[in-house]
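Trainee: File structure-v3.cif below, mmCIF, C-alpha atoms and all ligand atoms:
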```
data_coords
#
loop_
_atom_site.label_atom_id
_atom_site.label_comp_id
_atom_site.auth_asym_id
_atom_site.auth_seq_id
_atom_site.Cartn_x
_atom_site.Cartn_y
_atom_site.Cartn_z
CA MET U 8 156.92 261.84 29.77
CA GLY U 9 156.59 265.08 31.71
CA SER U 10 153.38 266.89 31.16
CA ARG U 11 154.61 270.46 31.10
CA ASP U 12 157.84 270.06 29.24
CA PHE U 13 156.51 271.42 26.00
CA SER U 14 155.60 274.74 27.50
CA LEU U 15 159.33 275.43 27.87
CA ARG U 16 160.11 274.71 24.26
CA PRO U 17 160.12 277.31 21.51
CA PRO U 18 156.91 277.38 19.48
CA LEU U 19 156.76 275.08 16.48
CA PRO U 20 157.51 276.62 13.11
CA LYS U 21 154.38 277.73 11.30
CA SER U 22 154.83 275.10 8.62
CA ILE U 23 153.82 272.32 10.98
CA ILE U 24 150.97 274.05 12.70
CA PRO U 25 148.40 271.54 11.60
CA THR U 26 145.20 273.54 11.67
CA ARG U 27 146.54 275.56 8.74
CA ALA U 28 149.15 273.53 7.00
CA LEU U 29 148.56 269.88 7.63
CA SER U 30 144.92 269.30 8.30
CA ILE U 31 143.47 271.22 5.40
CA SER U 32 142.04 268.11 3.81
CA PHE U 33 140.58 266.85 7.07
CA CYS U 34 137.89 269.52 6.87
CA THR U 35 136.20 267.98 3.89
CA PRO U 36 133.44 265.64 4.95
CA SER U 37 134.42 262.89 2.50
CA PHE U 38 137.92 262.65 3.97
CA ALA U 39 136.84 263.03 7.58
CA ALA U 40 134.74 259.93 7.19
CA MET U 41 137.76 257.96 6.08
CA VAL U 42 139.91 258.76 9.11
CA ASN U 43 139.61 256.46 12.05
CA VAL U 44 141.55 257.85 14.99
CA ALA U 45 141.38 254.47 16.71
CA ASP U 46 143.41 253.05 13.80
CA LEU U 47 146.01 255.76 14.33
CA HIS U 48 146.04 254.96 18.02
CA THR U 49 146.60 251.27 17.26
CA LEU U 50 149.42 252.26 14.92
CA GLN U 51 150.99 254.23 17.74
CA GLU U 52 150.71 251.23 20.05
CA PHE U 53 152.71 249.23 17.47
CA ASP U 54 155.22 252.03 17.08
CA LEU U 55 155.70 252.41 20.82
CA ALA U 56 156.13 248.65 21.17
CA VAL U 57 158.79 248.74 18.43
CA ASP U 58 160.48 251.81 19.98
CA THR U 59 160.70 250.18 23.42
CA ARG U 60 162.26 247.06 21.95
CA LYS U 61 164.74 249.00 19.84
CA LEU U 62 165.80 251.02 22.88
CA ARG U 63 166.33 247.86 24.86
CA LEU U 64 168.32 246.34 21.96
CA ALA U 65 170.63 249.35 21.92
CA ASP U 66 171.07 249.02 25.68
CA ILE U 67 171.84 245.30 25.31
CA GLU U 68 174.37 246.00 22.53
CA ALA U 69 176.11 248.48 24.81
CA HIS U 70 176.41 245.80 27.48
CA LEU U 71 177.68 243.04 25.19
CA THR U 72 181.23 243.78 26.18
CA GLU U 73 183.60 243.10 29.03
CA THR U 74 182.58 244.90 32.20
CA GLU U 75 184.75 247.16 34.34
CA GLU U 76 184.53 244.56 37.08
CA LEU U 77 185.87 241.82 34.80
CA LEU U 78 188.64 244.01 33.40
CA SER U 79 189.78 245.06 36.87
CA ALA U 80 189.66 241.47 38.23
CA ARG U 81 191.81 240.35 35.32
CA ALA U 82 194.23 243.27 35.69
CA ALA U 83 194.60 242.57 39.43
CA PHE U 84 195.30 238.89 38.76
CA GLN U 85 197.84 239.69 36.03
CA GLU U 86 199.59 242.17 38.29
CA VAL U 87 200.00 239.66 41.12
CA GLU U 88 201.14 236.99 38.66
CA GLU U 89 203.79 239.33 37.32
CA LYS U 90 204.97 240.09 40.85
CA LEU U 91 205.17 236.39 41.59
CA ARG U 92 207.23 235.79 38.44
CA GLU U 93 209.66 238.50 39.47
CA LEU U 94 209.94 237.16 43.02
CA SER U 95 210.50 233.60 41.79
CA ALA U 96 213.25 234.81 39.46
CA SER U 97 214.91 236.66 42.37
CA GLN U 98 214.58 233.56 44.53
CA LYS U 99 216.28 231.38 41.90
CA GLU U 100 219.06 233.91 41.48
CA LEU U 101 219.66 234.04 45.22
CA GLU U 102 219.61 230.25 45.47
CA TRP U 103 222.17 230.09 42.69
CA ASP U 104 224.40 232.74 44.32
CA THR U 105 224.20 231.05 47.73
CA GLY U 106 225.08 227.72 46.12
CA GLU U 107 228.09 229.29 44.44
CA ILE U 108 229.29 230.79 47.72
CA ARG U 109 228.77 227.49 49.52
CA THR U 110 230.74 225.64 46.82
CA LYS U 111 233.60 228.12 47.08
CA ALA U 112 233.55 227.83 50.88
CA ALA U 113 233.60 224.01 50.67
CA ALA U 114 236.63 224.14 48.35
CA ILE U 115 238.48 226.42 50.78
CA GLU U 116 237.51 224.23 53.72
CA LYS U 117 238.86 221.20 51.89
CA LYS U 118 242.11 223.01 51.23
CA LEU U 119 242.29 224.31 54.82
CA TYR U 120 241.82 220.96 56.48
CA GLY U 121 243.21 218.75 53.73
CA GLY U 122 246.77 218.99 54.99
CA THR U 123 248.22 220.23 51.71
CA VAL U 124 248.66 223.82 52.94
CA ARG U 125 251.15 224.20 55.76
CA GLN U 126 252.29 227.81 55.62
CA PRO U 127 250.71 229.62 58.63
CA LYS U 128 250.21 232.83 56.61
CA GLU U 129 248.48 230.92 53.85
CA LEU U 130 246.38 229.01 56.37
CA GLU U 131 245.45 232.26 58.07
CA ASP U 132 244.42 233.80 54.72
CA LEU U 133 242.36 230.75 53.87
CA GLN U 134 240.63 230.94 57.24
CA LYS U 135 239.81 234.60 56.65
CA ASP U 136 238.45 233.83 53.16
CA LEU U 137 236.36 231.03 54.58
CA GLU U 138 234.87 233.26 57.27
CA ALA U 139 234.14 236.00 54.74
CA LEU U 140 232.38 233.51 52.46
CA ARG U 141 230.38 232.12 55.35
CA ARG U 142 229.25 235.62 56.33
CA GLN U 143 228.31 236.31 52.72
CA ALA U 144 226.39 233.04 52.52
CA GLY U 145 224.60 233.87 55.77
CA ALA U 146 223.56 237.26 54.43
CA GLU U 147 222.35 235.71 51.15
CA GLU U 148 220.39 233.08 53.06
CA ASN U 149 218.65 235.78 55.10
CA LYS U 150 217.64 237.53 51.89
CA LEU U 151 216.49 234.21 50.50
CA LEU U 152 214.33 233.56 53.54
CA GLU U 153 212.70 236.98 53.19
CA ILE U 154 211.99 236.37 49.54
CA MET U 155 210.55 232.93 50.25
CA LEU U 156 208.14 234.46 52.76
CA GLU U 157 207.15 237.07 50.20
CA VAL U 158 206.68 234.40 47.53
CA ASP U 159 204.45 232.49 49.90
CA ALA U 160 202.28 235.55 50.65
CA THR U 161 202.12 236.45 46.95
CA GLN U 162 201.09 232.91 46.01
CA LYS U 163 198.18 233.23 48.42
CA LEU U 164 197.21 236.55 46.82
CA ARG U 165 197.50 234.98 43.39
CA ASP U 166 195.21 232.10 44.40
CA LYS U 167 192.69 234.59 45.78
CA GLY U 168 192.92 236.69 42.61
CA LYS U 169 192.48 233.62 40.45
CA ALA U 170 189.37 232.56 42.36
CA ASN U 171 187.96 236.09 42.13
CA LEU U 172 188.68 236.28 38.41
CA GLY U 173 187.08 232.86 37.88
CA ALA U 174 183.92 233.87 39.74
CA THR U 175 183.75 237.22 37.92
CA GLU U 176 184.18 235.53 34.54
CA GLU U 177 181.51 233.01 35.38
CA GLU U 178 179.06 235.74 36.38
CA TRP U 179 179.92 237.77 33.28
CA THR U 180 179.46 234.76 31.00
CA ARG U 181 176.08 234.06 32.59
CA GLU U 182 174.98 237.68 32.15
CA GLN U 183 176.17 237.77 28.55
CA ALA U 184 174.24 234.59 27.79
CA GLU U 185 171.12 236.16 29.32
CA LEU U 186 171.59 239.34 27.29
CA LEU U 187 172.05 237.35 24.07
CA LYS U 188 168.95 235.34 24.87
CA GLU U 189 166.96 238.52 25.49
CA LYS U 190 168.35 240.05 22.29
CA ALA U 191 167.21 237.04 20.27
CA ALA U 192 163.76 237.19 21.88
CA ILE U 193 163.41 240.91 21.11
CA ASN U 194 164.49 240.36 17.52
CA THR U 195 161.83 237.67 17.19
CA GLU U 196 159.22 240.07 18.60
CA LEU U 197 160.36 242.83 16.24
CA ALA U 198 160.19 240.48 13.26
CA GLU U 199 156.58 239.86 14.23
CA LEU U 200 155.67 243.44 15.15
CA GLN U 201 157.11 245.21 12.14
CA PRO U 202 154.94 243.58 9.44
CA ARG U 203 151.88 244.08 11.65
CA ARG U 204 152.82 247.73 12.04
CA ALA U 205 153.21 248.04 8.26
CA ALA U 206 149.81 246.40 7.71
CA GLN U 207 148.23 248.77 10.22
CA ALA U 208 149.87 251.78 8.53
CA SER U 209 148.56 250.66 5.15
CA GLU U 210 145.02 250.94 6.54
CA ILE U 211 145.46 254.67 7.15
CA GLU U 212 144.93 257.41 4.61
CA GLY U 213 148.08 259.15 3.35
CA PRO U 214 147.49 262.68 4.77
CA ALA U 215 146.56 261.35 8.21
CA LEU U 216 149.57 259.05 8.18
CA SER U 217 151.89 261.90 7.17
CA LEU U 218 150.56 264.08 9.95
CA TYR U 219 150.98 261.20 12.39
CA GLU U 220 154.61 260.66 11.30
CA ILE U 221 155.46 264.34 11.58
CA LEU U 222 153.91 264.63 15.04
CA ARG U 223 155.65 261.45 16.12
CA THR U 224 159.00 262.94 15.22
CA ARG U 225 158.13 266.24 16.89
CA ARG U 226 156.63 264.70 20.01
CA GLN U 227 159.14 262.02 21.02
CA GLY U 228 157.24 259.18 19.42
CA LYS U 229 153.80 260.12 20.73
CA ALA U 230 151.58 261.65 18.07
CA ILE U 231 148.30 260.57 19.64
CA ALA U 232 147.10 261.71 23.03
CA ARG U 233 144.16 260.39 24.98
CA VAL U 234 141.54 262.77 26.26
CA GLU U 235 140.54 262.12 29.86
CA ARG U 236 138.20 264.32 31.92
CA GLY U 237 138.44 266.96 29.19
CA MET U 238 142.23 267.06 29.42
CA CYS U 239 144.83 266.24 26.78
CA GLN U 240 146.97 263.52 28.37
CA GLY U 241 149.88 264.53 26.17
CA CYS U 242 150.33 268.00 27.67
CA ARG U 243 147.70 268.08 30.46
CA ILE U 244 145.94 271.15 29.15
CA THR U 245 142.17 271.42 29.61
CA LEU U 246 140.68 271.34 26.13
CA PRO U 247 137.85 273.54 24.85
CA MET U 248 134.58 271.62 25.09
CA SER U 249 133.92 272.04 21.37
CA LEU U 250 137.20 270.27 20.61
CA VAL U 251 136.40 267.42 23.00
CA GLN U 252 133.04 266.98 21.32
CA LYS U 253 134.64 266.85 17.90
CA ALA U 254 137.23 264.35 19.12
CA ARG U 255 134.57 262.12 20.62
CA SER U 256 133.36 260.87 17.22
CA GLY U 257 136.83 259.49 16.46
CA LEU U 258 136.17 259.97 12.77
CA GLU U 259 138.09 263.14 12.15
CA VAL U 260 141.51 264.36 13.06
CA VAL U 261 141.25 266.79 15.96
CA GLN U 262 144.48 268.15 17.38
CA CYS U 263 145.29 269.50 20.80
CA VAL U 264 145.46 273.28 20.76
CA SER U 265 148.63 273.18 22.84
CA CYS U 266 150.78 270.14 21.97
CA GLU U 267 149.11 269.48 18.60
CA ARG U 268 148.83 265.77 19.21
CA ILE U 269 145.89 264.03 17.58
CA LEU U 270 143.24 263.58 20.23
CA PHE U 271 141.89 260.13 20.92
CA MET U 272 138.90 259.13 22.98
CA ASN U 273 137.71 255.60 23.53
ZN ZN I 301 148.04 268.37 24.28
#
```
As structure tokens, what does this structure read like?
Mentor:
Amino acid sequence: MGSRDFSLRPPLPKSIIPTRALSISFCTPSFAAMVNVADLHTLQEFDLAVDTRKLRLADIEAHLTETEELLSARAAFQEVEEKLRELSASQKELEWDTGEIRTKAAAIEKKLYGGTVRQPKELEDLQKDLEALRRQAGAEENKLLEIMLEVDATQKLRDKGKANLGATEEEWTREQAELLKEKAAINTELAELQPRRAAQASEIEGPALSLYEILRTRRQGKAIARVERGMCQGCRITLPMSLVQKARSGLEVVQCVSCERILFMN
């Protein structure tokens, strides 16, 4: 967490300024003796461990779905398959048409050379029909050849797309299995952490716990800040020496004058 971010935020409402509102009871010697800041710090360690795992769980949940890569590999494969279906249908149609023309031409040829037609005009007409049909068949066969080449190229694309989809699905399945495994492991850890957290919280006096919870909400999960070299590690401000000395005992709640976190020293 950035060290100076809080300086940019509006001041906290008076109601949560702890020196007046929330730490009244900490001034009494009997209560001060009951507060162990190290216990609060341990509680925060549990809370942070739980927070991290919950964040990761949410991230995992968001990824337990088909990826863009998988969706696009599947779409590309489906598209090429559809094209291949259309081309194959056109090919069949052309084959059928060419067959029809060839059959008609064969019938005319049979008539032309069968000896049954003798009229020159009729023979001439038949010859013309035959030539026209042959030209038509030739044109259809050219189209057919083009389509067959296209079918061939599309089949190759389809095979490539199928292999790509297969590999993408395999990778996705492997990743999903890993995510599910990690999810199960995190849930096991949480099931262990949460009762320990609750037990730790039950060790802490109510007012101190309430203050901790409020500060945790206000300070992005970190209610306790270490003091190092006289500085609050929550906001990096140099603390007044008197405050550092008070915090050193660890037996009363001392808050940072700037970020209001509870100060903790080893
Ligand atoms: Zn601070």
Trainee: Tell me, as a PDB file with C-alpha atoms, in the frame of the given file, which residues lie within 8 Å of region 46-58 of chain U, counting all atoms listed in the file; anything in the same chain fewer than 3 positions away does not count.
Mentor:
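around12.pdb was written with the following content:
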```pdb
ATOM      1  CA  ASN U  43     139.610 256.460  12.050  1.00  0.00           C
ATOM      2  CA  LYS U  61     164.740 249.000  19.840  1.00  0.00           C
ATOM      3  CA  LEU U  62     165.800 251.020  22.880  1.00  0.00           C
ATOM      4  CA  LEU U 197     160.360 242.830  16.240  1.00  0.00           C
ATOM      5  CA  LEU U 200     155.670 243.440  15.150  1.00  0.00           C
ATOM      6  CA  GLN U 201     157.110 245.210  12.140  1.00  0.00           C
ATOM      7  CA  ARG U 203     151.880 244.080  11.650  1.00  0.00           C
ATOM      8  CA  ARG U 204     152.820 247.730  12.040  1.00  0.00           C
ATOM      9  CA  GLN U 207     148.230 248.770  10.220  1.00  0.00           C
ATOM     10  CA  ALA U 208     149.870 251.780   8.530  1.00  0.00           C
ATOM     11  CA  GLU U 210     145.020 250.940   6.540  1.00  0.00           C
ATOM     12  CA  ILE U 211     145.460 254.670   7.150  1.00  0.00           C
ATOM     13  CA  LEU U 216     149.570 259.050   8.180  1.00  0.00           C
ATOM     14  CA  TYR U 219     150.980 261.200  12.390  1.00  0.00           C
ATOM     15  CA  GLY U 228     157.240 259.180  19.420  1.00  0.00           C
ATOM     16  CA  LYS U 229     153.800 260.120  20.730  1.00  0.00           C
ATOM     17  CA  ALA U 230     151.580 261.650  18.070  1.00  0.00           C
ATOM     18  CA  ILE U 231     148.300 260.570  19.640  1.00  0.00           C
ATOM     19  CA  PHE U 271     141.890 260.130  20.920  1.00  0.00           C
TER      20      PHE U 271
END
```
Trainee: I'd like a table as CSV: residues in region 83-112 of chain U with an atom no more than 7 Å from region 165-168 of chain U, each row giving the shortest atom pair and its distance in Å to one decimal, only C-alpha atoms counted, sorted by chain and rising residue number.
Mentor:
```
residue,atom,partner,partner_atom,distance
U:Ala83,CA,U:Gly168,CA,6.9
U:Phe84,CA,U:Gly168,CA,5.0
U:Val87,CA,U:Arg165,CA,5.8
U:Glu88,CA,U:Arg165,CA,6.3
```
Trainee: Which distance in Å separates CA of Glu157 (chain U) and CA of Gln85 (chain U), to one decimal?
Mentor: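 Distance between the two atoms: 17.2 Å.
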Trainee: Nearest to ligand ZN 301 (chain I): which of U:Val260, U:Ala254, U:Ile108, U:Met238 is it, counting all atoms listed in the file?
Mentor: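 For ligand ZN 301 (chain I), the nearest of the given residues is U:Met238.
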Trainee: Throw together the list of residues within 9 Å of ligand ZN 301 (chain I), counting all atoms listed in the file, and drop it here as a PyMOL selection string.
Mentor: chain U and resi 10+232-234+238-246+262-270
Trainee: Would you kindly return, as an NGL selection string, each protein, DNA or RNA residue with an atom no farther than 12 Å from any atom of Glu107 (chain U), considering only C-alpha atoms and excluding same-chain residues fewer than 4 positions away?
Mentor: :U and (100-103 or 111-114 or 140-141 or 143-144 or 147)
Trainee: Would you mind exporting C-alpha atoms of the selected residues as a PDB file, in the coordinates of the input?
Mentor:
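And here's again-v4.pdb as it stands now:
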```pdb
ATOM      1  CA  GLU U 100     219.060 233.910  41.480  1.00  0.00           C
ATOM      2  CA  LEU U 101     219.660 234.040  45.220  1.00  0.00           C
ATOM      3  CA  GLU U 102     219.610 230.250  45.470  1.00  0.00           C
ATOM      4  CA  TRP U 103     222.170 230.090  42.690  1.00  0.00           C
ATOM      5  CA  LYS U 111     233.600 228.120  47.080  1.00  0.00           C
ATOM      6  CA  ALA U 112     233.550 227.830  50.880  1.00  0.00           C
ATOM      7  CA  ALA U 113     233.600 224.010  50.670  1.00  0.00           C
ATOM      8  CA  ALA U 114     236.630 224.140  48.350  1.00  0.00           C
ATOM      9  CA  LEU U 140     232.380 233.510  52.460  1.00  0.00           C
ATOM     10  CA  ARG U 141     230.380 232.120  55.350  1.00  0.00           C
ATOM     11  CA  GLN U 143     228.310 236.310  52.720  1.00  0.00           C
ATOM     12  CA  ALA U 144     226.390 233.040  52.520  1.00  0.00           C
ATOM     13  CA  GLU U 147     222.350 235.710  51.150  1.00  0.00           C
TER      14      GLU U 147
END
```
Trainee: From the list U:Thr110, U:Gln98, U:Asn171, U:Gln183, which residue is nearest Lys150 (chain U) when using all atoms listed in the file?
Mentor: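 Ranked by minimum distance to Lys150 (chain U), first place goes to U:Gln98.
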Trainee: List the neighbours of Leu172 (chain U) out to 7 Å using all atoms listed in the file; skip same-chain residues closer than 4 positions along the sequence, and give me the result as a PyMOL selection string.
Mentor: chain U and resi 80-81+168+176
Trainee: From the options U:Ser209, U:Ser95, U:Thr180, U:Thr123, which residue's atoms come nearest to Thr161 (chain U), counting all atoms listed in the file?
Mentor: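 Selected residue with least distance to Thr161 (chain U): U:Ser95.
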Trainee: One decimal, in Å: what's the spacing between CA of Thr195 (chain U) and CA of Ile221 (chain U)?
Mentor: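 Computing the Euclidean distance for CA of Thr195 (chain U) and CA of Ile221 (chain U) yields 28.0 Å.
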Trainee: Could you list, as an mmCIF file with C-alpha atoms, in the coordinates of the input, every residue within 12 Å of Glu131 (chain U), counting all atoms listed in the file and ignoring same-chain residues fewer than 4 positions away?
Mentor:
```
data_model
loop_
_atom_site.group_PDB
_atom_site.id
_atom_site.type_symbol
_atom_site.label_atom_id
_atom_site.label_comp_id
_atom_site.auth_asym_id
_atom_site.auth_seq_id
_atom_site.Cartn_x
_atom_site.Cartn_y
_atom_site.Cartn_z
ATOM 1 C CA ILE U 115 238.480 226.420 50.780
ATOM 2 C CA LYS U 118 242.110 223.010 51.230
ATOM 3 C CA LEU U 119 242.290 224.310 54.820
ATOM 4 C CA TYR U 120 241.820 220.960 56.480
ATOM 5 C CA VAL U 124 248.660 223.820 52.940
ATOM 6 C CA ARG U 125 251.150 224.200 55.760
ATOM 7 C CA GLN U 126 252.290 227.810 55.620
ATOM 8 C CA PRO U 127 250.710 229.620 58.630
ATOM 9 C CA LYS U 135 239.810 234.600 56.650
ATOM 10 C CA ASP U 136 238.450 233.830 53.160
ATOM 11 C CA LEU U 137 236.360 231.030 54.580
ATOM 12 C CA GLU U 138 234.870 233.260 57.270
#
```
Trainee: Restricting the calculation to all atoms listed in the file, which member of U:Gln162, U:Val251, U:Leu133, U:Asp104 is positioned closest to Lys117 (chain U)?
Mentor: U:Leu133
Trainee: Please determine, counting all atoms listed in the file, which residue among U:Glu185, U:Ile193, U:Trp179, U:Leu250 has the shortest atom-to-atom distance to Thr74 (chain U).
Mentor: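 Of U:Glu185, U:Ile193, U:Trp179, U:Leu250, the one nearest Thr74 (chain U), counting all atoms listed in the file, is U:Trp179.
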Trainee: State, in Å with one decimal place, the distance from CA of Arg60 (chain U) to CA of Ala191 (chain U).
Mentor: 11.3 Å
Trainee: Compare U:Leu187, U:Leu64, U:Leu152, U:Leu130 by their minimum atom-to-atom distance to Thr105 (chain U), counting only C-alpha atoms, and give me the closest one.
Mentor: U:Leu152
Trainee: Using all atoms listed in the file, can you list as number ranges by chain the residues within 10 Å of (176.8, 243.8, 25.6)?
Mentor: U: 64-74, 182-184, 186-187, 190
Trainee: As a PDB file, in the coordinates of the input, could you write out region 198-229 of chain U once it has been completed with N, CA and C atoms?
Mentor:
```pdb
ATOM      1  N   ALA U 198     160.485 241.090  14.562  1.00  0.00           N
ATOM      2  CA  ALA U 198     160.190 240.480  13.260  1.00  0.00           C
ATOM      3  C   ALA U 198     158.692 240.242  13.130  1.00  0.00           C
ATOM      4  N   GLU U 199     158.020 240.069  14.263  1.00  0.00           N
ATOM      5  CA  GLU U 199     156.580 239.860  14.230  1.00  0.00           C
ATOM      6  C   GLU U 199     155.823 241.194  14.222  1.00  0.00           C
ATOM      7  N   LEU U 200     156.346 242.135  15.011  1.00  0.00           N
ATOM      8  CA  LEU U 200     155.670 243.440  15.150  1.00  0.00           C
ATOM      9  C   LEU U 200     155.751 244.285  13.880  1.00  0.00           C
ATOM     10  N   GLN U 201     156.910 244.276  13.242  1.00  0.00           N
ATOM     11  CA  GLN U 201     157.110 245.210  12.140  1.00  0.00           C
ATOM     12  C   GLN U 201     156.145 244.990  10.953  1.00  0.00           C
ATOM     13  N   PRO U 202     155.928 243.754  10.520  1.00  0.00           N
ATOM     14  CA  PRO U 202     154.940 243.580   9.440  1.00  0.00           C
ATOM     15  C   PRO U 202     153.511 243.942   9.885  1.00  0.00           C
ATOM     16  N   ARG U 203     153.212 243.718  11.149  1.00  0.00           N
ATOM     17  CA  ARG U 203     151.880 244.080  11.650  1.00  0.00           C
ATOM     18  C   ARG U 203     151.726 245.593  11.673  1.00  0.00           C
ATOM     19  N   ARG U 204     152.818 246.263  12.040  1.00  0.00           N
ATOM     20  CA  ARG U 204     152.820 247.730  12.040  1.00  0.00           C
ATOM     21  C   ARG U 204     152.605 248.239  10.604  1.00  0.00           C
ATOM     22  N   ALA U 205     153.321 247.613   9.665  1.00  0.00           N
ATOM     23  CA  ALA U 205     153.210 248.040   8.260  1.00  0.00           C
ATOM     24  C   ALA U 205     151.784 247.820   7.755  1.00  0.00           C
ATOM     25  N   ALA U 206     151.187 246.695   8.134  1.00  0.00           N
ATOM     26  CA  ALA U 206     149.810 246.400   7.710  1.00  0.00           C
ATOM     27  C   ALA U 206     148.854 247.429   8.291  1.00  0.00           C
ATOM     28  N   GLN U 207     149.089 247.780   9.558  1.00  0.00           N
ATOM     29  CA  GLN U 207     148.230 248.770  10.220  1.00  0.00           C
ATOM     30  C   GLN U 207     148.377 250.128   9.522  1.00  0.00           C
ATOM     31  N   ALA U 208     149.623 250.491   9.185  1.00  0.00           N
ATOM     32  CA  ALA U 208     149.870 251.780   8.530  1.00  0.00           C
ATOM     33  C   ALA U 208     149.188 251.830   7.160  1.00  0.00           C
ATOM     34  N   SER U 209     149.147 250.691   6.494  1.00  0.00           N
ATOM     35  CA  SER U 209     148.560 250.660   5.150  1.00  0.00           C
ATOM     36  C   SER U 209     147.047 250.877   5.196  1.00  0.00           C
ATOM     37  N   GLU U 210     146.463 250.734   6.371  1.00  0.00           N
ATOM     38  CA  GLU U 210     145.020 250.940   6.540  1.00  0.00           C
ATOM     39  C   GLU U 210     144.679 252.429   6.635  1.00  0.00           C
ATOM     40  N   ILE U 211     145.718 253.253   6.844  1.00  0.00           N
ATOM     41  CA  ILE U 211     145.460 254.670   7.150  1.00  0.00           C
ATOM     42  C   ILE U 211     145.713 255.545   5.926  1.00  0.00           C
ATOM     43  N   GLU U 212     144.822 256.487   5.739  1.00  0.00           N
ATOM     44  CA  GLU U 212     144.930 257.410   4.610  1.00  0.00           C
ATOM     45  C   GLU U 212     146.248 258.197   4.657  1.00  0.00           C
ATOM     46  N   GLY U 213     146.792 258.466   3.471  1.00  0.00           N
ATOM     47  CA  GLY U 213     148.080 259.150   3.350  1.00  0.00           C
ATOM     48  C   GLY U 213     148.231 260.424   4.170  1.00  0.00           C
ATOM     49  N   PRO U 214     147.303 261.414   4.029  1.00  0.00           N
ATOM     50  CA  PRO U 214     147.490 262.680   4.770  1.00  0.00           C
ATOM     51  C   PRO U 214     147.505 262.466   6.290  1.00  0.00           C
ATOM     52  N   ALA U 215     146.614 261.611   6.760  1.00  0.00           N
ATOM     53  CA  ALA U 215     146.560 261.350   8.210  1.00  0.00           C
ATOM     54  C   ALA U 215     147.841 260.675   8.666  1.00  0.00           C
ATOM     55  N   LEU U 216     148.338 259.765   7.850  1.00  0.00           N
ATOM     56  CA  LEU U 216     149.570 259.050   8.180  1.00  0.00           C
ATOM     57  C   LEU U 216     150.763 260.013   8.201  1.00  0.00           C
ATOM     58  N   SER U 217     150.790 260.919   7.217  1.00  0.00           N
ATOM     59  CA  SER U 217     151.890 261.900   7.170  1.00  0.00           C
ATOM     60  C   SER U 217     151.877 262.779   8.406  1.00  0.00           C
ATOM     61  N   LEU U 218     150.674 263.238   8.764  1.00  0.00           N
ATOM     62  CA  LEU U 218     150.560 264.080   9.950  1.00  0.00           C
ATOM     63  C   LEU U 218     151.030 263.309  11.189  1.00  0.00           C
ATOM     64  N   TYR U 219     150.589 262.066  11.265  1.00  0.00           N
ATOM     65  CA  TYR U 219     150.980 261.200  12.390  1.00  0.00           C
ATOM     66  C   TYR U 219     152.515 261.099  12.467  1.00  0.00           C
ATOM     67  N   GLU U 220     153.150 260.832  11.326  1.00  0.00           N
ATOM     68  CA  GLU U 220     154.610 260.660  11.300  1.00  0.00           C
ATOM     69  C   GLU U 220     155.328 261.939  11.722  1.00  0.00           C
ATOM     70  N   ILE U 221     154.827 263.068  11.231  1.00  0.00           N
ATOM     71  CA  ILE U 221     155.460 264.340  11.580  1.00  0.00           C
ATOM     72  C   ILE U 221     155.340 264.606  13.085  1.00  0.00           C
ATOM     73  N   LEU U 222     154.125 264.383  13.604  1.00  0.00           N
ATOM     74  CA  LEU U 222     153.910 264.630  15.040  1.00  0.00           C
ATOM     75  C   LEU U 222     154.722 263.655  15.882  1.00  0.00           C
ATOM     76  N   ARG U 223     154.871 262.459  15.384  1.00  0.00           N
ATOM     77  CA  ARG U 223     155.650 261.450  16.120  1.00  0.00           C
ATOM     78  C   ARG U 223     157.115 261.901  16.251  1.00  0.00           C
ATOM     79  N   THR U 224     157.631 262.434  15.181  1.00  0.00           N
ATOM     80  CA  THR U 224     159.000 262.940  15.220  1.00  0.00           C
ATOM     81  C   THR U 224     159.111 264.136  16.165  1.00  0.00           C
ATOM     82  N   ARG U 225     158.106 265.024  16.086  1.00  0.00           N
ATOM     83  CA  ARG U 225     158.130 266.240  16.890  1.00  0.00           C
ATOM     84  C   ARG U 225     157.868 265.961  18.372  1.00  0.00           C
ATOM     85  N   ARG U 226     157.101 264.927  18.639  1.00  0.00           N
ATOM     86  CA  ARG U 226     156.630 264.700  20.010  1.00  0.00           C
ATOM     87  C   ARG U 226     157.177 263.416  20.635  1.00  0.00           C
ATOM     88  N   GLN U 227     158.443 263.160  20.387  1.00  0.00           N
ATOM     89  CA  GLN U 227     159.140 262.020  21.020  1.00  0.00           C
ATOM     90  C   GLN U 227     158.361 260.706  20.891  1.00  0.00           C
ATOM     91  N   GLY U 228     157.870 260.476  19.685  1.00  0.00           N
ATOM     92  CA  GLY U 228     157.240 259.180  19.420  1.00  0.00           C
ATOM     93  C   GLY U 228     155.762 259.109  19.745  1.00  0.00           C
ATOM     94  N   LYS U 229     155.218 260.183  20.367  1.00  0.00           N
ATOM     95  CA  LYS U 229     153.800 260.120  20.730  1.00  0.00           C
ATOM     96  C   LYS U 229     152.994 261.180  19.979  1.00  0.00           C
TER      97      LYS U 229
END
```
